[in-house]
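Novice: Got a structure here, written out as structure tokens. Questions coming.
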Amino acid sequence: MKKAIIALMAALLFAVNMQVQGAENYNLYVAGNQVTSSNINKLSQLKGVKGGSITYDPSENVLTLNNAIIEVTEGQGISLGVGGITVKIVGKNTIKGGVAALHVTAAATITGAGQLMLDGQEYGIRLINRITRLIINGGAVVKAKGGYMGIFAQDFGNVLGITGESTQLYAFGNEGAICNFATIGINEPLEIIRPFNAKVVEGTVVDTQGEIVKGEWVAIKKKVTPTKTLTFTISKRLMNTDDLSEDQKLALDCLVKFNVLKSVANTDPNYITYSYQEKNLLALSENNLTVFPNVSSANNVTYNLTNENHNALEITEDGVIPLEEYKTVKLAFNLSAPSQTKTLTFTKRLHEKDEFDEASLGMVEIMSIFGALGLEASSRNVLVTNNGKNLLAITTDGNRINVFPGVTSADNVSCQLNTNHHLLLISMLGYDPYADCNQLQVKFNVAKPNESLKVSFPVGDTPTQPFNNLIEKKVTTVMGLALFGVLNYSVGLSSEIYLKNKSGKTLFILAKDVVNINVPDDVTDKDNFTWNITDEQHTRMITEFGFDPIANYSSVNVCFGVNDMVATDIPNMGSHTDHHPSSPLYTIQGQRVQQPQKAGIYIRNGRKVIIR
């Protein structure tokens, strides 16, 4: 009797021990990680889990995905091997897998009112093992996409069931959407609504010719009878497409796809014009949507959507079919004539493009294009004039706008915009940035140049490309001095220009490509000079360059023999006899030398050194 009791106790201990061992590891894998008793409370922190919450309750055998994001490049996103497991989905969940996004090896159910987006390199969902079944119910929205198969049963006896009035299943595969099941059960009121007239034959979804549906989406859900009208109302002539509601974007997109609006190709590929019954209605350019002039409520369009239209609509990322609940789409115009006035004020003589907003910059360009103020184009710049007087110069690249000398508030001007102007803008730009405006005003509030520009040149200064701002200012100023006749200049060697003062002394030597500039050694601070700039000289600078780089300056002080730290790269001076032979060597004047030709004092590493 005692032996029997001992044997019974040993058997019970063995059974308990087996249960403990079984509780430590579950046939359930998340992002390639097996779920165990040690990590069961940390599933959201597993490698490959990019966001959201993942929990597993072994007592209820429920895996809950709450806005979970899982991404793996190898293996399975999730593998379900615990028999009878329920996957509850909350919110929007996304799983990307290497082989399969969802791998099912035992009976499983997907349920809940959330969305489950599955994307596998080969399979969206793959079932293996005999008589494995997968049930989708409870209003779940499941979208399964695979590079090979959307949903695939690999072994005999696999079953797929879809039930529940609000449940939706979408599947896509390049070689098959839903294939190879023993049985596919689709419970009413659910049905295959896409492709049109598709059906289940021997556990595979096929088309009307009996061919496997592949390369397009299969949609299984409750059929909707369209009853609504989607209205796209435009109440102004220009709008940013970001300001459109999602329904409006959808309506515009569908109207174009259904050929209600005909897309007209233009020479400029950056924009498209839409027309209806040969009348232009809309222009779309980047983010801007413009209504053509003279379009009114008389041009409203109403389109009835047919079954074929609904079948042609693409399934969105969230696994829904847009516009399926709409019977008609209406494009309604509620517009008034342009009535606004825009004003651009100039407060200094030279503007860089970055100092303008794009609308202001475009306004000046548009005024010159209209010819409302006159137009004179050259190879370098566009001149905006009024009654023969130059007002603005715009470089052809649009980076600089210059106000001519002598322009004051007395030259303020207005431009009335008419239909032809607006049409010209749409034709040129693909949209009309001033569609709501009937008048442009340009105002000048410009003071006389009153600043003094000081430019210092160390003797032997040799800046090279690329110019920094200081060196570029020096070169431009020197060229301006030569152009204005303050300095004479004569062509010397084929690669150099010599700039001389009135007494014939050479002060600058410039390379013809204006990349290098040198000051001869015999130039000293005794050659310093000041140049007072006249209005005529500012005008000549605009004429020569298309802009006036020293528009705000009334004078230029040119100084020689001054240590210019930026130009010479010498940070500071010191006294030291040691030097490293590989460091750059400079003369006292700041000119870099490759090999000293004579003994003396030089600069290396910011310190004086003696070369003997």
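Naming scheme: A, B, ... for chains in displayed order of the structure tokens; residues 1 onward per chain; ligands 1 onward as shown.
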If we count only C-alpha atoms and set the cut-off at 6 Å, which residues sit around range 335-339 of chain A, ignoring sequence neighbours fewer than 5 positions away in its own chain? Please answer as a VMD selection string.
Specialist: chain A and resid 235 to 236 436 to 438
Novice: Residues of the last selection are to be written out with C-alpha atoms, as a PDB file, in the first residue's frame.
Specialist:
ATOM      1  CA  SER A 235     -15.385  78.879 -53.130  1.00  0.00           C
ATOM      2  CA  LYS A 236     -12.202  80.704 -54.178  1.00  0.00           C
ATOM      3  CA  ASP A 436      -8.167  86.521 -56.081  1.00  0.00           C
ATOM      4  CA  CYS A 437      -6.557  89.872 -56.952  1.00  0.00           C
ATOM      5  CA  ASN A 438      -7.644  92.522 -59.417  1.00  0.00           C
TER       6      ASN A 438
END
Novice: At most 9 Å is the cut-off: for each residue in range 71-124 of chain A with any atom that close to an atom of range 173-197 of chain A, write down the nearest atom pair and the distance in Å rounded to one decimal, counting only C-alpha atoms, chain first then increasing number, as a tab-separated table.
Specialist:
residue	atom	partner	partner_atom	distance
A:Glu122	CA	A:Gly173	CA	8.6
A:Tyr123	CA	A:Gly173	CA	7.8
A:Gly124	CA	A:Gly173	CA	8.2
Novice: Could you write out the selected residues, including all heavy atoms, as a PDB file, in the first residue's frame?
Specialist:
ATOM      1  N   GLU A 122       6.847  37.064 -49.163  1.00  0.00           N
ATOM      2  CA  GLU A 122       6.288  35.968 -49.952  1.00  0.00           C
ATOM      3  C   GLU A 122       4.802  35.774 -49.672  1.00  0.00           C
ATOM      4  O   GLU A 122       4.006  35.612 -50.597  1.00  0.00           O
ATOM      5  CB  GLU A 122       7.056  34.666 -49.666  1.00  0.00           C
ATOM      6  CG  GLU A 122       8.509  34.722 -50.085  1.00  0.00           C
ATOM      7  CD  GLU A 122       9.220  33.385 -49.880  1.00  0.00           C
ATOM      8  OE1 GLU A 122       8.549  32.341 -49.938  1.00  0.00           O
ATOM      9  OE2 GLU A 122      10.429  33.401 -49.650  1.00  0.00           O
ATOM     10  N   TYR A 123       4.394  35.802 -48.402  1.00  0.00           N
ATOM     11  CA  TYR A 123       3.000  35.554 -48.038  1.00  0.00           C
ATOM     12  C   TYR A 123       2.506  36.635 -47.073  1.00  0.00           C
ATOM     13  O   TYR A 123       3.228  37.037 -46.161  1.00  0.00           O
ATOM     14  CB  TYR A 123       2.840  34.188 -47.344  1.00  0.00           C
ATOM     15  CG  TYR A 123       3.397  33.023 -48.131  1.00  0.00           C
ATOM     16  CD1 TYR A 123       4.697  32.562 -47.900  1.00  0.00           C
ATOM     17  CD2 TYR A 123       2.622  32.365 -49.080  1.00  0.00           C
ATOM     18  CE1 TYR A 123       5.209  31.490 -48.602  1.00  0.00           C
ATOM     19  CE2 TYR A 123       3.124  31.283 -49.795  1.00  0.00           C
ATOM     20  CZ  TYR A 123       4.423  30.856 -49.554  1.00  0.00           C
ATOM     21  OH  TYR A 123       4.930  29.780 -50.261  1.00  0.00           O
ATOM     22  N   GLY A 124       1.254  37.047 -47.282  1.00  0.00           N
ATOM     23  CA  GLY A 124       0.613  37.861 -46.266  1.00  0.00           C
ATOM     24  C   GLY A 124       0.231  36.992 -45.083  1.00  0.00           C
ATOM     25  O   GLY A 124       0.588  37.273 -43.941  1.00  0.00           O
TER      26      GLY A 124
END
Novice: Which of these residues is nearest to Lys222 in chain A, using only C-alpha atoms: A:Leu160, A:Val256, A:Val141, A:Leu483?
Specialist: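 When distances to Lys222 in chain A are compared using only C-alpha atoms, the smallest one comes from A:Val141.
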Novice: Excluding Gly480 in chain A and its own-chain neighbours fewer than 6 positions away, which residues fall within 9 Å of it when counting only C-alpha atoms? Please give them as a PyMOL selection string.
Specialist: chain A and resi 486+537+541
Novice: Just the selected residues (all heavy atoms), exported as a PDB file, in the first residue's frame, please.
Specialist:
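Saved result, result.pdb, follows:
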ATOM      1  N   VAL A 486      37.627 104.999 -62.181  1.00  0.00           N
ATOM      2  CA  VAL A 486      38.482 105.471 -61.089  1.00  0.00           C
ATOM      3  C   VAL A 486      39.863 104.840 -61.245  1.00  0.00           C
ATOM      4  O   VAL A 486      40.886 105.462 -60.981  1.00  0.00           O
ATOM      5  CB  VAL A 486      37.864 105.106 -59.732  1.00  0.00           C
ATOM      6  CG1 VAL A 486      38.785 105.508 -58.591  1.00  0.00           C
ATOM      7  CG2 VAL A 486      36.515 105.766 -59.597  1.00  0.00           C
ATOM      8  N   GLN A 537      27.059 106.081 -61.445  1.00  0.00           N
ATOM      9  CA  GLN A 537      27.909 104.894 -61.324  1.00  0.00           C
ATOM     10  C   GLN A 537      27.116 103.696 -60.805  1.00  0.00           C
ATOM     11  O   GLN A 537      27.341 102.561 -61.221  1.00  0.00           O
ATOM     12  CB  GLN A 537      29.103 105.230 -60.421  1.00  0.00           C
ATOM     13  CG  GLN A 537      30.072 106.192 -61.102  1.00  0.00           C
ATOM     14  CD  GLN A 537      31.121 106.737 -60.153  1.00  0.00           C
ATOM     15  OE1 GLN A 537      30.914 106.785 -58.938  1.00  0.00           O
ATOM     16  NE2 GLN A 537      32.247 107.171 -60.699  1.00  0.00           N
ATOM     17  N   MET A 541      26.622 100.140 -62.796  1.00  0.00           N
ATOM     18  CA  MET A 541      26.832  98.827 -62.182  1.00  0.00           C
ATOM     19  C   MET A 541      25.641  97.908 -62.485  1.00  0.00           C
ATOM     20  O   MET A 541      25.804  96.735 -62.816  1.00  0.00           O
ATOM     21  CB  MET A 541      27.026  98.976 -60.679  1.00  0.00           C
ATOM     22  CG  MET A 541      27.336  97.675 -59.955  1.00  0.00           C
ATOM     23  SD  MET A 541      28.983  97.037 -60.308  1.00  0.00           S
ATOM     24  CE  MET A 541      29.944  97.918 -59.084  1.00  0.00           C
TER      25      MET A 541
END
Novice: Please identify the strand (DSSP E or B) residues within range 101-283 of chain A (assignment by DSSP from backbone atoms) and present them as a ChimeraX atom specification.
Specialist: /A:101-104,108-111,115-120,123-127,133-136,141-146,149-153,159-162,168-173,176-179,183-186,190-194,199-201,204-206,212,218-222,228-234,238-240,262-264,271-276,279-283
Novice: Can you tell me, as a PDB file with N, CA, C and O atoms, in the first residue's frame, what residues are no more than 9 Å from Ala108 in chain A when counting only C-alpha atoms, ignoring any on the same chain fewer than 6 positions away?
Specialist:
ATOM      1  N   LEU A  80       1.731  31.739 -35.094  1.00  0.00           N
ATOM      2  CA  LEU A  80       0.733  31.244 -34.154  1.00  0.00           C
ATOM      3  C   LEU A  80       0.748  29.718 -34.174  1.00  0.00           C
ATOM      4  O   LEU A  80       0.378  29.096 -35.171  1.00  0.00           O
ATOM      5  N   GLY A  81       1.216  29.116 -33.052  1.00  0.00           N
ATOM      6  CA  GLY A  81       1.257  27.659 -32.959  1.00  0.00           C
ATOM      7  C   GLY A  81       0.509  27.106 -31.772  1.00  0.00           C
ATOM      8  O   GLY A  81       0.397  25.888 -31.612  1.00  0.00           O
ATOM      9  N   VAL A  82      -0.017  27.983 -30.921  1.00  0.00           N
ATOM     10  CA  VAL A  82      -0.801  27.555 -29.761  1.00  0.00           C
ATOM     11  C   VAL A  82      -2.230  27.281 -30.233  1.00  0.00           C
ATOM     12  O   VAL A  82      -2.916  28.184 -30.719  1.00  0.00           O
ATOM     13  N   GLY A  83      -2.672  26.048 -30.128  1.00  0.00           N
ATOM     14  CA  GLY A  83      -3.982  25.673 -30.631  1.00  0.00           C
ATOM     15  C   GLY A  83      -5.104  26.467 -29.997  1.00  0.00           C
ATOM     16  O   GLY A  83      -5.124  26.668 -28.778  1.00  0.00           O
ATOM     17  N   GLY A  84      -6.039  26.960 -30.823  1.00  0.00           N
ATOM     18  CA  GLY A  84      -7.190  27.692 -30.328  1.00  0.00           C
ATOM     19  C   GLY A  84      -6.910  29.124 -29.931  1.00  0.00           C
ATOM     20  O   GLY A  84      -7.757  29.759 -29.290  1.00  0.00           O
ATOM     21  N   ILE A  85      -5.770  29.683 -30.303  1.00  0.00           N
ATOM     22  CA  ILE A  85      -5.415  31.040 -29.897  1.00  0.00           C
ATOM     23  C   ILE A  85      -6.315  32.066 -30.576  1.00  0.00           C
ATOM     24  O   ILE A  85      -6.761  31.876 -31.714  1.00  0.00           O
ATOM     25  N   THR A  86      -6.609  33.145 -29.863  1.00  0.00           N
ATOM     26  CA  THR A  86      -7.384  34.266 -30.395  1.00  0.00           C
ATOM     27  C   THR A  86      -6.474  35.490 -30.482  1.00  0.00           C
ATOM     28  O   THR A  86      -5.801  35.839 -29.512  1.00  0.00           O
ATOM     29  N   VAL A  87      -6.468  36.104 -31.654  1.00  0.00           N
ATOM     30  CA  VAL A  87      -5.719  37.351 -31.851  1.00  0.00           C
ATOM     31  C   VAL A  87      -6.736  38.485 -31.852  1.00  0.00           C
ATOM     32  O   VAL A  87      -7.572  38.579 -32.751  1.00  0.00           O
ATOM     33  N   THR A 132      -5.399  22.737 -40.164  1.00  0.00           N
ATOM     34  CA  THR A 132      -5.312  24.043 -39.507  1.00  0.00           C
ATOM     35  C   THR A 132      -6.383  24.961 -40.085  1.00  0.00           C
ATOM     36  O   THR A 132      -6.577  25.010 -41.299  1.00  0.00           O
ATOM     37  N   ARG A 133      -7.059  25.699 -39.225  1.00  0.00           N
ATOM     38  CA  ARG A 133      -8.111  26.582 -39.696  1.00  0.00           C
ATOM     39  C   ARG A 133      -7.864  28.000 -39.152  1.00  0.00           C
ATOM     40  O   ARG A 133      -7.290  28.173 -38.080  1.00  0.00           O
ATOM     41  N   LEU A 134      -8.324  28.988 -39.925  1.00  0.00           N
ATOM     42  CA  LEU A 134      -8.214  30.391 -39.525  1.00  0.00           C
ATOM     43  C   LEU A 134      -9.587  31.022 -39.692  1.00  0.00           C
ATOM     44  O   LEU A 134     -10.172  30.989 -40.780  1.00  0.00           O
ATOM     45  N   ILE A 135     -10.096  31.619 -38.602  1.00  0.00           N
ATOM     46  CA  ILE A 135     -11.385  32.284 -38.614  1.00  0.00           C
ATOM     47  C   ILE A 135     -11.150  33.790 -38.414  1.00  0.00           C
ATOM     48  O   ILE A 135     -10.402  34.203 -37.529  1.00  0.00           O
ATOM     49  N   ILE A 136     -11.809  34.614 -39.236  1.00  0.00           N
ATOM     50  CA  ILE A 136     -11.745  36.074 -39.104  1.00  0.00           C
ATOM     51  C   ILE A 136     -13.163  36.555 -38.845  1.00  0.00           C
ATOM     52  O   ILE A 136     -14.076  36.310 -39.654  1.00  0.00           O
TER      53      ILE A 136
END
Novice: If we count only C-alpha atoms and set the cut-off at 7 Å, which residues sit around Leu344 in chain A, ignoring sequence neighbours fewer than 2 positions away in its own chain? Please answer as number ranges by chain.
Specialist: A: 342, 346, 360, 441-443
Novice: Give me the residues within 8 Å of Leu118 in chain A as a ChimeraX atom specification, counting only C-alpha atoms and dropping any in the same chain fewer than 2 places off.
Specialist: /A:94-96,101-102,116,120,124-125,142-145
Novice: Taking 5 positions as the minimum chain separation for residues in the same chain, which residues sit within 12 Å of range 30-44 of chain A when counting only C-alpha atoms? Answer as a VMD selection string.
Specialist: chain A and resid 20 to 25 49 to 58 63 to 82 94 to 103
Novice: Let me make sure I understand: among A:Asn390, A:Thr347, A:Thr233, A:Asn270, which one has the smallest atom-to-atom distance to Asn300 in chain A if we use only C-alpha atoms?
Specialist: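 The closest residue to Asn300 in chain A is A:Thr233.
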